[in-house]
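Dropping my_file-v7.pdb in here (PDB, C-alpha atoms):
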```
ATOM      1  CA  MET A   1      32.804 -43.057  10.045
ATOM      2  CA  ALA A   2      30.774 -40.005   9.072
ATOM      3  CA  THR A   3      31.618 -36.716  10.713
ATOM      4  CA  PRO A   4      28.536 -34.978  12.159
ATOM      5  CA  HIS A   5      27.832 -31.487  10.817
ATOM      6  CA  PHE A   6      26.799 -28.859  13.315
ATOM      7  CA  SER A   7      25.179 -25.700  11.952
ATOM      8  CA  SER A   8      25.675 -22.379  13.758
ATOM      9  CA  ALA A   9      22.142 -21.314  12.795
ATOM     10  CA  LEU A  10      19.304 -21.684  15.273
ATOM     11  CA  PRO A  11      16.770 -24.399  14.417
ATOM     12  CA  VAL A  12      13.736 -23.079  12.569
ATOM     13  CA  PRO A  13      10.779 -22.826  14.975
ATOM     14  CA  ALA A  14       7.679 -24.782  14.126
ATOM     15  CA  VAL A  15       4.741 -22.797  12.765
ATOM     16  CA  SER A  16       1.816 -22.986  15.171
ATOM     17  CA  PRO A  17      -1.450 -24.250  13.637
ATOM     18  CA  ALA A  18      -3.077 -21.227  15.281
ATOM     19  CA  TYR A  19      -0.819 -18.724  13.529
ATOM     20  CA  PRO A  20      -3.152 -15.864  12.536
ATOM     21  CA  MET A  21      -4.094 -15.338   8.933
ATOM     22  CA  ALA A  22      -4.374 -11.838   7.507
ATOM     23  CA  LYS A  23      -7.658 -10.288   6.418
ATOM     24  CA  PRO A  24      -8.826 -11.269   2.920
ATOM     25  CA  GLY A  25      -6.527  -9.647   0.340
ATOM     26  CA  TYR A  26      -3.600  -9.147   2.731
ATOM     27  CA  GLY A  27      -0.625 -11.144   4.041
ATOM     28  CA  LYS A  28       2.022 -13.381   2.502
ATOM     29  CA  ARG A  29       2.039 -14.531  -1.112
ATOM     30  CA  SER A  30       4.675 -16.882  -2.554
ATOM     31  CA  ALA A  31       6.463 -15.862  -5.747
ATOM     32  CA  PRO A  32       6.644 -18.412  -8.594
ATOM     33  CA  GLY A  33       9.571 -20.538  -9.763
ATOM     34  CA  GLN A  34      11.213 -21.207  -6.388
ATOM     35  CA  GLN A  35      13.685 -24.020  -5.850
ATOM     36  CA  PRO A  36      12.631 -26.947  -3.603
ATOM     37  CA  ARG A  37      13.410 -26.614   0.099
ATOM     38  CA  THR A  38      16.808 -27.883   1.250
ATOM     39  CA  ARG A  39      18.804 -27.746   4.474
ATOM     40  CA  GLU A  40      21.084 -25.191   2.856
ATOM     41  CA  ASP A  41      18.363 -22.574   2.309
ATOM     42  CA  PHE A  42      19.463 -19.102   3.484
ATOM     43  CA  ALA A  43      22.913 -20.493   4.348
ATOM     44  CA  LEU A  44      24.629 -17.268   3.281
ATOM     45  CA  LEU A  45      22.564 -15.133   5.669
ATOM     46  CA  PRO A  46      23.588 -14.266   9.243
ATOM     47  CA  THR A  47      22.147 -16.429  12.015
ATOM     48  CA  ARG A  48      19.300 -14.086  12.985
ATOM     49  CA  GLU A  49      18.217 -13.465   9.391
ATOM     50  CA  ARG A  50      18.435 -17.181   8.592
ATOM     51  CA  TYR A  51      16.265 -18.022  11.603
ATOM     52  CA  VAL A  52      13.499 -15.530  10.678
ATOM     53  CA  ALA A  53      13.691 -16.388   6.972
ATOM     54  CA  GLY A  54      13.184 -20.089   7.719
ATOM     55  CA  PHE A  55      10.115 -19.291   9.796
ATOM     56  CA  VAL A  56       8.588 -16.984   7.164
ATOM     57  CA  ASP A  57       9.278 -19.526   4.430
ATOM     58  CA  HIS A  58       7.138 -22.124   6.225
ATOM     59  CA  LEU A  59       4.175 -19.768   6.719
ATOM     60  CA  PRO A  60       1.183 -20.483   4.459
ATOM     61  CA  ASP A  61       0.028 -17.996   1.866
ATOM     62  CA  GLY A  62      -2.246 -15.394   3.411
ATOM     63  CA  ALA A  63      -0.482 -15.487   6.797
ATOM     64  CA  GLU A  64      -0.130 -12.159   8.598
ATOM     65  CA  MET A  65       3.270 -10.571   7.970
ATOM     66  CA  SER A  66       3.281  -7.556  10.277
ATOM     67  CA  VAL A  67       6.376  -6.871  12.368
ATOM     68  CA  LYS A  68       4.273  -7.017  15.532
ATOM     69  CA  GLN A  69       2.867 -10.459  14.768
ATOM     70  CA  LEU A  70       6.224 -11.932  13.730
ATOM     71  CA  ALA A  71       7.859 -10.627  16.925
ATOM     72  CA  LYS A  72       5.028 -12.167  18.952
ATOM     73  CA  GLN A  73       5.649 -15.564  17.351
ATOM     74  CA  LEU A  74       9.460 -15.306  17.599
ATOM     75  CA  PRO A  75      10.168 -14.318  21.223
ATOM     76  CA  LEU A  76      13.943 -14.385  20.686
ATOM     77  CA  TYR A  77      13.724 -11.013  18.920
ATOM     78  CA  GLY A  78      11.763  -7.813  19.475
ATOM     79  CA  GLN A  79       9.902  -5.714  16.929
ATOM     80  CA  GLN A  80      12.920  -3.527  16.145
ATOM     81  CA  ALA A  81      15.051  -6.587  15.436
ATOM     82  CA  ILE A  82      12.346  -8.130  13.234
ATOM     83  CA  SER A  83      12.025  -4.866  11.291
ATOM     84  CA  THR A  84      15.790  -4.843  10.706
ATOM     85  CA  VAL A  85      15.692  -8.480   9.588
ATOM     86  CA  LEU A  86      12.906  -7.806   7.060
ATOM     87  CA  ASN A  87      14.963  -4.953   5.597
ATOM     88  CA  ALA A  88      17.931  -7.304   5.259
ATOM     89  CA  LEU A  89      15.789  -9.998   3.626
ATOM     90  CA  SER A  90      14.449  -7.408   1.193
ATOM     91  CA  VAL A  91      17.984  -6.364   0.235
ATOM     92  CA  ALA A  92      18.968 -10.033  -0.066
ATOM     93  CA  GLY A  93      16.187 -10.497  -2.634
ATOM     94  CA  HIS A  94      13.754 -12.658  -0.662
ATOM     95  CA  LEU A  95      10.758 -10.338  -0.229
ATOM     96  CA  ARG A  96       8.948  -7.256  -1.524
ATOM     97  CA  ARG A  97       6.053  -5.392   0.057
ATOM     98  CA  VAL A  98       3.398  -4.095  -2.350
ATOM     99  CA  ARG A  99       0.029  -2.374  -2.526
ATOM    100  CA  CYS A 100      -2.405  -4.115  -4.888
ATOM    101  CA  SER A 101      -5.484  -2.445  -6.310
ATOM    102  CA  VAL A 102      -8.566  -4.682  -6.370
ATOM    103  CA  GLY A 103     -12.040  -3.947  -7.668
ATOM    104  CA  ALA A 104     -12.999  -1.636 -10.512
ATOM    105  CA  GLY A 105     -14.213   1.902 -11.029
ATOM    106  CA  ASP A 106     -15.397   3.693  -7.908
ATOM    107  CA  GLU A 107     -15.293   0.429  -5.947
ATOM    108  CA  CYS A 108     -11.500   0.108  -6.241
ATOM    109  CA  ARG A 109      -9.495  -0.261  -3.009
ATOM    110  CA  TRP A 110      -5.892  -1.032  -2.040
ATOM    111  CA  VAL A 111      -4.761  -4.161  -0.226
ATOM    112  CA  PHE A 112      -1.307  -4.887   1.136
ATOM    113  CA  ARG A 113       0.756  -8.014   0.482
ATOM    114  CA  THR A 114       4.264  -9.330   1.090
ATOM    115  CA  PHE A 115       5.645 -11.317  -1.849
ATOM    116  CA  TRP A 116       8.094 -13.972  -0.641
ATOM    117  CA  SER A 117      10.715 -15.971  -2.541
ATOM    118  CA  ARG A 118      12.818 -18.662  -0.881
ATOM    119  CA  THR A 119      15.130 -18.359  -3.880
ATOM    120  CA  ALA A 120      16.916 -14.993  -3.760
ATOM    121  CA  ARG A 121      16.078 -12.719  -6.719
ATOM    122  CA  ASP A 122      17.795  -9.598  -8.026
ATOM    123  CA  ASN A 123      16.128  -6.247  -8.653
ATOM    124  CA  GLU A 124      15.627  -6.951 -12.375
ATOM    125  CA  TRP A 125      13.694 -10.156 -11.608
ATOM    126  CA  TRP A 126      11.472  -8.473  -9.022
ATOM    127  CA  ASN A 127      10.785  -5.491 -11.316
ATOM    128  CA  ALA A 128       9.812  -7.801 -14.191
ATOM    129  CA  TYR A 129       7.655  -9.998 -11.970
ATOM    130  CA  LEU A 130       5.804  -7.094 -10.342
ATOM    131  CA  ALA A 131       5.305  -5.490 -13.762
ATOM    132  CA  THR A 132       3.706  -8.745 -14.925
ATOM    133  CA  GLU A 133       1.490  -8.779 -11.837
ATOM    134  CA  ASP A 134       0.515  -5.174 -12.548
ATOM    135  CA  ALA A 135      -0.374  -5.957 -16.157
ATOM    136  CA  THR A 136      -2.371  -9.016 -15.078
ATOM    137  CA  ARG A 137      -4.420  -6.949 -12.640
ATOM    138  CA  ALA A 138      -5.039  -4.285 -15.266
ATOM    139  CA  THR A 139      -6.485  -6.833 -17.714
ATOM    140  CA  GLY A 140      -8.380  -9.027 -15.298
ATOM    141  CA  PRO A 141      -8.297 -10.964 -12.042
ATOM    142  CA  THR A 142      -6.813 -14.140 -13.514
ATOM    143  CA  ALA A 143      -3.466 -15.283 -12.154
ATOM    144  CA  THR A 144      -0.467 -16.706 -13.989
ATOM    145  CA  PRO A 145      -0.157 -20.527 -14.035
ATOM    146  CA  GLU A 146       3.089 -20.294 -12.048
ATOM    147  CA  ALA A 147       1.566 -18.294  -9.208
ATOM    148  CA  PRO A 148      -1.958 -19.444  -8.419
ATOM    149  CA  ALA A 149      -3.893 -16.741  -6.652
ATOM    150  CA  SER A 150      -4.670 -17.345  -3.012
ATOM    151  CA  PRO A 151      -8.361 -17.479  -2.054
ATOM    152  CA  ASP A 152      -8.227 -14.081  -0.388
ATOM    153  CA  LEU A 153      -7.143 -12.389  -3.626
ATOM    154  CA  ALA A 154      -9.431 -14.428  -5.857
ATOM    155  CA  ALA A 155     -12.459 -13.289  -3.851
ATOM    156  CA  PRO A 156     -11.628  -9.940  -2.225
ATOM    157  CA  ALA A 157     -13.854  -8.680   0.525
ATOM    158  CA  GLU A 158     -16.681  -6.475  -0.584
ATOM    159  CA  PRO A 159     -15.864  -2.781  -0.046
ATOM    160  CA  PRO A 160     -18.046  -0.975   2.505
ATOM    161  CA  ALA A 161     -21.279   0.224   0.958
ATOM    162  CA  LEU A 162     -22.065   3.900   0.714
ATOM    163  CA  ALA A 163     -24.621   5.321   3.093
ATOM    164  CA  PRO A 164     -28.196   4.792   1.882
ATOM    165  CA  VAL A 165     -29.944   7.707   0.235
ATOM    166  CA  PRO A 166     -32.487   9.166   2.687
ATOM    167  CA  HIS A 167     -36.144   9.121   1.664
ATOM    168  CA  GLN A 168     -37.398  12.368   0.226
ATOM    169  CA  ARG A 169     -40.626  13.940   1.377
ATOM    170  CA  THR A 170     -43.109  14.290  -1.432
ATOM    171  CA  PRO A 171     -46.065  16.676  -1.539
ATOM    172  CA  PRO A 172     -49.593  15.300  -1.607
ATOM    173  CA  GLN A 173     -50.234  13.766  -4.993
ATOM    174  CA  THR A 174     -53.198  14.159  -7.288
ATOM    175  CA  PRO A 175     -54.082  11.101  -9.353
ATOM    176  CA  ALA A 176     -51.319   8.487  -9.686
ATOM    177  CA  THR A 177     -51.013   9.069 -13.419
ATOM    178  CA  GLU A 178     -49.842  12.637 -12.758
ATOM    179  CA  SER A 179     -47.294  11.874  -9.984
ATOM    180  CA  ALA A 180     -43.789  13.244 -10.545
ATOM    181  CA  PRO A 181     -40.807  10.880 -10.531
ATOM    182  CA  PRO A 182     -38.976  10.763  -7.164
ATOM    183  CA  THR A 183     -35.808  12.818  -6.855
ATOM    184  CA  ARG A 184     -32.474  11.053  -6.260
ATOM    185  CA  GLU A 185     -29.379  12.344  -4.542
ATOM    186  CA  ALA A 186     -26.421  12.876  -6.882
ATOM    187  CA  ALA A 187     -23.633  10.279  -6.653
ATOM    188  CA  PRO A 188     -20.386  11.433  -4.959
ATOM    189  CA  SER A 189     -17.737  12.769  -7.301
ATOM    190  CA  ALA A 190     -14.443  10.984  -7.934
ATOM    191  CA  ALA A 191     -12.628  13.707  -5.965
ATOM    192  CA  TYR A 192     -14.928  13.229  -2.958
ATOM    193  CA  LEU A 193     -14.485   9.439  -3.034
ATOM    194  CA  ALA A 194     -10.684   9.741  -3.235
ATOM    195  CA  LEU A 195     -10.690  11.934  -0.119
ATOM    196  CA  ALA A 196     -13.169   9.703   1.715
ATOM    197  CA  ARG A 197     -10.945   6.635   1.166
ATOM    198  CA  LEU A 198      -7.791   8.249   2.557
ATOM    199  CA  GLY A 199      -8.675   7.188   6.089
ATOM    200  CA  ARG A 200      -9.065   3.586   4.963
ATOM    201  CA  ASP A 201      -5.625   3.569   3.337
ATOM    202  CA  ASP A 202      -4.018   5.280   6.355
ATOM    203  CA  HIS A 203      -5.850   5.859   9.651
ATOM    204  CA  ARG A 204      -3.855   9.056  10.229
ATOM    205  CA  LEU A 205      -5.758  10.740   7.384
ATOM    206  CA  GLY A 206      -9.337  10.016   8.416
ATOM    207  CA  LEU A 207     -11.651  12.822   7.242
ATOM    208  CA  SER A 208     -15.232  13.630   8.168
ATOM    209  CA  ALA A 209     -17.968  14.098   5.587
ATOM    210  CA  ASP A 210     -17.752  17.890   6.050
ATOM    211  CA  ASP A 211     -13.962  17.765   5.565
ATOM    212  CA  CYS A 212     -14.381  15.853   2.288
ATOM    213  CA  THR A 213     -16.969  18.346   1.059
ATOM    214  CA  THR A 214     -14.694  21.273   1.956
ATOM    215  CA  LEU A 215     -11.615  19.795   0.238
ATOM    216  CA  GLU A 216     -13.501  18.393  -2.762
ATOM    217  CA  PRO A 217     -12.947  21.466  -5.033
ATOM    218  CA  LEU A 218      -9.171  21.342  -4.377
ATOM    219  CA  ALA A 219      -9.002  17.610  -5.163
ATOM    220  CA  ALA A 220     -11.141  18.121  -8.281
ATOM    221  CA  LYS A 221      -8.486  20.520  -9.652
ATOM    222  CA  TRP A 222      -5.975  17.624  -9.582
ATOM    223  CA  LEU A 223      -8.294  15.321 -11.504
ATOM    224  CA  ASP A 224      -9.093  18.106 -13.968
ATOM    225  CA  ARG A 225      -5.372  18.279 -14.771
ATOM    226  CA  GLY A 226      -5.274  14.678 -15.918
ATOM    227  CA  VAL A 227      -3.958  12.826 -12.848
ATOM    228  CA  THR A 228      -5.643   9.643 -11.643
ATOM    229  CA  ALA A 229      -7.261   9.071  -8.277
ATOM    230  CA  ASP A 230      -4.467   6.565  -7.482
ATOM    231  CA  TYR A 231      -1.826   9.217  -8.179
ATOM    232  CA  LEU A 232      -3.679  11.694  -5.969
ATOM    233  CA  THR A 233      -3.933   9.161  -3.142
ATOM    234  CA  SER A 234      -0.252   8.167  -3.373
ATOM    235  CA  THR A 235       0.867  11.810  -3.246
ATOM    236  CA  LEU A 236      -1.315  12.656  -0.254
ATOM    237  CA  THR A 237      -0.214   9.586   1.741
ATOM    238  CA  ALA A 238       3.528   9.625   0.937
ATOM    239  CA  GLY A 239       6.009  10.540   3.670
ATOM    240  CA  LEU A 240       3.524  11.192   6.474
ATOM    241  CA  PRO A 241       4.824  12.161   9.921
ATOM    242  CA  ALA A 242       4.411   9.633  12.711
ATOM    243  CA  GLN A 243       1.432  11.553  14.108
ATOM    244  CA  VAL A 244      -1.016  13.773  12.232
ATOM    245  CA  ASP A 245      -2.970  16.049  14.568
ATOM    246  CA  SER A 246      -4.994  17.803  11.867
ATOM    247  CA  PRO A 247      -5.625  15.593   8.818
ATOM    248  CA  VAL A 248      -7.775  18.206   7.091
ATOM    249  CA  GLY A 249      -5.075  20.887   7.539
ATOM    250  CA  LEU A 250      -2.288  18.631   6.265
ATOM    251  CA  ILE A 251      -4.279  17.476   3.236
ATOM    252  CA  ARG A 252      -5.356  21.050   2.393
ATOM    253  CA  ARG A 253      -1.736  22.182   2.338
ATOM    254  CA  ARG A 254      -0.640  19.249   0.168
ATOM    255  CA  LEU A 255      -3.508  19.783  -2.258
ATOM    256  CA  ILE A 256      -2.494  23.426  -2.631
ATOM    257  CA  ASP A 257       1.307  23.138  -2.528
ATOM    258  CA  LYS A 258       1.657  20.014  -4.705
ATOM    259  CA  LEU A 259      -0.934  20.862  -7.381
ATOM    260  CA  PRO A 260       0.514  19.382 -10.612
ATOM    261  CA  PRO A 261       1.038  21.647 -13.649
ATOM    262  CA  ARG A 262      -1.543  21.809 -16.391
ATOM    263  CA  LEU A 263      -0.113  20.160 -19.496
ATOM    264  CA  PRO A 264      -1.022  21.692 -22.852
ATOM    265  CA  ALA A 265      -2.987  19.536 -25.236
ATOM    266  CA  THR A 266      -1.002  18.171 -28.184
ATOM    267  CA  PRO A 267      -2.375  17.068 -31.554
ATOM    268  CA  SER A 268      -0.474  13.792 -31.427
ATOM    269  CA  THR A 269      -2.418  10.572 -31.275
ATOM    270  CA  ALA A 270      -0.483   9.583 -28.169
ATOM    271  CA  ALA A 271      -2.315  12.290 -26.234
ATOM    272  CA  ASN A 272      -5.615  10.616 -27.043
ATOM    273  CA  THR A 273      -4.445   7.260 -25.705
ATOM    274  CA  PRO A 274      -5.342   6.895 -22.014
ATOM    275  CA  THR A 275      -2.440   6.022 -19.739
ATOM    276  CA  PRO A 276      -3.027   2.649 -18.110
ATOM    277  CA  THR A 277      -3.723   2.932 -14.393
ATOM    278  CA  ARG A 278      -1.071   1.315 -12.233
ATOM    279  CA  ARG A 279      -2.752  -1.341 -10.117
ATOM    280  CA  LEU A 280       0.308  -2.382  -8.135
ATOM    281  CA  LEU A 281       2.755  -0.189  -6.214
ATOM    282  CA  ALA A 282       5.814  -1.397  -4.339
ATOM    283  CA  GLU A 283       6.290  -0.252  -0.748
ATOM    284  CA  CYS A 284       9.518   0.533   1.057
ATOM    285  CA  THR A 285      10.054  -2.414   3.406
ATOM    286  CA  ASP A 286      11.294  -0.046   6.097
ATOM    287  CA  CYS A 287       9.099   3.103   6.037
ATOM    288  CA  GLY A 288       6.198   1.997   3.803
ATOM    289  CA  ARG A 289       6.588   4.760   1.201
ATOM    290  CA  PRO A 290       4.855   3.692  -2.049
ATOM    291  CA  GLY A 291       6.297   3.929  -5.548
ATOM    292  CA  PRO A 292       6.895   1.986  -8.763
ATOM    293  CA  PRO A 293       9.106  -1.094  -8.228
ATOM    294  CA  GLU A 294      11.967   0.320 -10.288
ATOM    295  CA  ALA A 295      12.142   3.352  -7.960
ATOM    296  CA  LEU A 296      12.697   1.140  -4.891
ATOM    297  CA  PRO A 297      15.927  -0.829  -5.417
ATOM    298  CA  ASP A 298      16.237  -3.720  -2.972
ATOM    299  CA  GLY A 299      12.666  -2.896  -1.879
ATOM    300  CA  LEU A 300      13.825   0.284  -0.095
ATOM    301  CA  CYS A 301      13.252   3.946  -0.892
ATOM    302  CA  HIS A 302      16.291   6.170  -1.432
ATOM    303  CA  PRO A 303      16.608   7.521   2.172
ATOM    304  CA  CYS A 304      16.134   4.060   3.742
ATOM    305  CA  HIS A 305      18.463   2.454   1.200
ATOM    306  CA  THR A 306      21.137   5.035   2.051
ATOM    307  CA  THR A 307      20.717   4.329   5.756
ATOM    308  CA  HIS A 308      20.852   0.554   5.286
ATOM    309  CA  THR A 309      23.788   0.340   2.889
ATOM    310  CA  ALA A 310      25.960   3.214   4.093
ATOM    311  CA  GLY A 311      24.928   3.390   7.712
ATOM    312  CA  GLY A 312      24.631   7.150   7.361
ATOM    313  CA  ARG A 313      21.791   9.510   7.996
ATOM    314  CA  PRO A 314      19.196   9.693   5.187
ATOM    315  CA  THR A 315      18.795  12.770   3.054
ATOM    316  CA  PRO A 316      15.915  14.937   4.381
ATOM    317  CA  ASP A 317      12.743  14.305   2.422
ATOM    318  CA  PRO A 318      11.136  17.528   1.092
ATOM    319  CA  THR A 319       7.705  15.973   1.571
ATOM    320  CA  GLN A 320       8.327  15.353   5.247
ATOM    321  CA  ILE A 321       9.766  18.857   5.690
ATOM    322  CA  ALA A 322       6.644  20.346   4.105
ATOM    323  CA  ALA A 323       4.435  18.191   6.337
ATOM    324  CA  VAL A 324       6.243  19.394   9.473
ATOM    325  CA  LYS A 325       5.915  23.020   8.365
ATOM    326  CA  ALA A 326       2.211  22.546   7.689
ATOM    327  CA  HIS A 327       1.769  20.940  11.101
ATOM    328  CA  MET A 328       3.525  23.832  12.865
ATOM    329  CA  ALA A 329       1.506  26.388  10.915
ATOM    330  CA  ASN A 330      -1.697  24.628  11.960
ATOM    331  CA  LEU A 331      -0.612  24.670  15.609
ATOM    332  CA  ARG A 332       0.096  28.396  15.422
ATOM    333  CA  THR A 333      -3.350  28.965  13.917
ATOM    334  CA  LEU A 334      -5.014  27.006  16.715
ATOM    335  CA  LEU A 335      -3.141  29.009  19.368
ATOM    336  CA  LYS A 336      -4.245  32.381  18.000
ATOM    337  CA  PRO A 337      -6.798  34.121  20.234
ATOM    338  CA  VAL A 338     -10.315  34.172  18.862
TER     339      VAL A 338
END
```
Please express what this file holds, its structure, as structure tokens.
Amino acid sequence: MATPHFSSALPVPAVSPAYPMAKPGYGKRSAPGQQPRTREDFALLPTRERYVAGFVDHLPDGAEMSVKQLAKQLPLYGQQAISTVLNALSVAGHLRRVRCSVGAGDECRWVFRTFWSRTARDNEWWNAYLATEDATRATGPTATPEAPASPDLAAPAEPPALAPVPHQRTPPQTPATESAPPTREAAPSAAYLALARLGRDDHRLGLSADDCTTLEPLAAKWLDRGVTADYLTSTLTAGLPAQVDSPVGLIRRRLIDKLPPRLPATPSTAANTPTPTRRLLAECTDCGRPGPPEALPDGLCHPCHTTHTAGGRPTPDPTQIAAVKAHMANLRTLLKPV
């Protein structure tokens, strides 16, 4: 007579057909080379982590992966518990959050995805896989045979168009053969576009057109020193406080205080070889701080990794300290009598 086996893990909840999908270019994406599903999947995880992992594993590619949406679908746990579970699943090797660059030239934008693997992977595997994804995006939009691209990545949404150029008034013309060619407004600079897109990458850094024009010379100094627009954006958006009351003040201080050094030109041929632009950045699963995959072991930045593994308080981040100081200085300026 067979002995029945009772598992201590909660049964995996069924995925509702109405589970919301993310916007095109966002959401879940399955990693390649996973083992077939079995009843022993995630058996080494605690009950709560096993329950959430089973639910995420059954979500289709492109499904929304925000903490808020997962907590809404899994009423047993709140948002804080879901956030803790995702950190644990990242450390266990089942997921990585990334920012992917899509488009080309001035039409490039960042989208956010969560790579998921039912089969646990170590840091070396994730670093190699994300490096391959990065190289694939740098050479073209084609996907590897193991990981077919989901429809939302294969056809990313068109980026918002720039405002139309207003019609110019022209003086009365003499004969048509002598009419002067119409004048055209100059295209925005790369520095202006990088500043204008900050609000789309993070709503806390939304700038007006006047703000972008004011800060454009400071941002242009960064690009003149050889950094890319992606590097500039990553530096300006890293380690933001929970609330930014004056985006223009915070960005001005970062542009001034974090201006990179000017490197001297060298006669070597390596200096003439352009550095390939990184089109994929990993994100800390906990705080969302971007960086290269190798700088985020277990998918966590250094402060969050210290908190998760040691249970201690994270080391203060100099970027966050500078942001707080800039915020306080801005408040003092606003309180000064006119």
**Prompt:** Using all atoms listed in the file, which of the listed residues (A:Pro75, A:Gly27, A:Pro337, A:Gly299) sits closest to A:Gly93?
**Reply:**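 For A:Gly93, the nearest of the candidates is A:Gly299.
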**Asked** Counting all atoms listed in the file, which residues come within 9 Å of (14.9, -22.2, -6.5), with the point read in the file's coordinates, and could you list them as an NGL selection string?
**Response** :A and (33-37 or 117-120)
**Item:** Gap from atom CA of A:Val111 to atom CA of A:Tyr51 - Å, one decimal
**Value:**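 The value is 27.8 Å.
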**Request:** Skip A:Asp211 itself and residues of its chain fewer than 5 positions away, then list as a PyMOL selection string all residues within 9 Å of it, counting all atoms listed in the file.
**Result:** chain A and resi 195-196+216+248
I need the residue set behind the PyMOL selection byres ((chain A and resi 281-292) around 9) for this file; please write it as a short mmCIF file (atom, residue, chain, number, x, y, z; two decimals) with C-alpha atoms, keeping the file's coordinate frame.
```
data_model
loop_
_atom_site.label_atom_id
_atom_site.label_comp_id
_atom_site.auth_asym_id
_atom_site.auth_seq_id
_atom_site.Cartn_x
_atom_site.Cartn_y
_atom_site.Cartn_z
CA SER A 83 12.02 -4.87 11.29
CA THR A 84 15.79 -4.84 10.71
CA LEU A 86 12.91 -7.81 7.06
CA ASN A 87 14.96 -4.95 5.60
CA SER A 90 14.45 -7.41 1.19
CA LEU A 95 10.76 -10.34 -0.23
CA ARG A 96 8.95 -7.26 -1.52
CA ARG A 97 6.05 -5.39 0.06
CA VAL A 98 3.40 -4.10 -2.35
CA ARG A 99 0.03 -2.37 -2.53
CA CYS A 100 -2.40 -4.12 -4.89
CA SER A 101 -5.48 -2.44 -6.31
CA ASN A 127 10.78 -5.49 -11.32
CA LEU A 130 5.80 -7.09 -10.34
CA ASP A 134 0.52 -5.17 -12.55
CA SER A 234 -0.25 8.17 -3.37
CA THR A 237 -0.21 9.59 1.74
CA ALA A 238 3.53 9.62 0.94
CA GLY A 239 6.01 10.54 3.67
CA LEU A 240 3.52 11.19 6.47
CA ARG A 278 -1.07 1.32 -12.23
CA ARG A 279 -2.75 -1.34 -10.12
CA LEU A 280 0.31 -2.38 -8.14
CA PRO A 293 9.11 -1.09 -8.23
CA GLU A 294 11.97 0.32 -10.29
CA ALA A 295 12.14 3.35 -7.96
CA LEU A 296 12.70 1.14 -4.89
CA ASP A 298 16.24 -3.72 -2.97
CA GLY A 299 12.67 -2.90 -1.88
CA LEU A 300 13.82 0.28 -0.10
CA CYS A 301 13.25 3.95 -0.89
CA CYS A 304 16.13 4.06 3.74
#
```
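Closest approach to A:Met65 among A:Ala323, A:Ala92, A:Glu40, A:Arg29: A:Arg29, based on all atoms listed in the file.
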**Asked** Mind pulling up the distance from atom CA of A:Val52 to atom CA of A:Leu76?
**Response** 10.1 Å
Within 7 Å of A:Ala194 using all atoms listed in the file, minus same-chain residues under 4 positions, as an mmCIF file with C-alpha atoms, in the coordinates of the input:
```cif
data_model
loop_
_atom_site.group_PDB
_atom_site.id
_atom_site.type_symbol
_atom_site.label_atom_id
_atom_site.label_comp_id
_atom_site.auth_asym_id
_atom_site.auth_seq_id
_atom_site.Cartn_x
_atom_site.Cartn_y
_atom_site.Cartn_z
ATOM 1 C CA ALA A 190 -14.443 10.984 -7.934
ATOM 2 C CA LEU A 198 -7.791 8.249 2.557
ATOM 3 C CA ALA A 229 -7.261 9.071 -8.277
ATOM 4 C CA THR A 233 -3.933 9.161 -3.142
#
```
**Message:** Need the shell around A:Leu255: protein/DNA/RNA residues with any atom at most 9 Å away, counting only C-alpha atoms. Skip same-chain ones fewer than 2 positions apart. Format as a ChimeraX atom specification?
**Reply:** /A:215,218-219,221-222,232,236,250-253,257-259
**Request:** Can you pull out every residue within 10 Å of A:Pro241, counting all atoms listed in the file, but drop anything in the same chain fewer than 3 positions away, and send it as a list in words?
**Result:**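 The neighbour list is Arg204, Thr237, Ala238, Val244, Asp245, Thr319, Gln320, Ile321, Ala323, Val324 and His327 of chain A.
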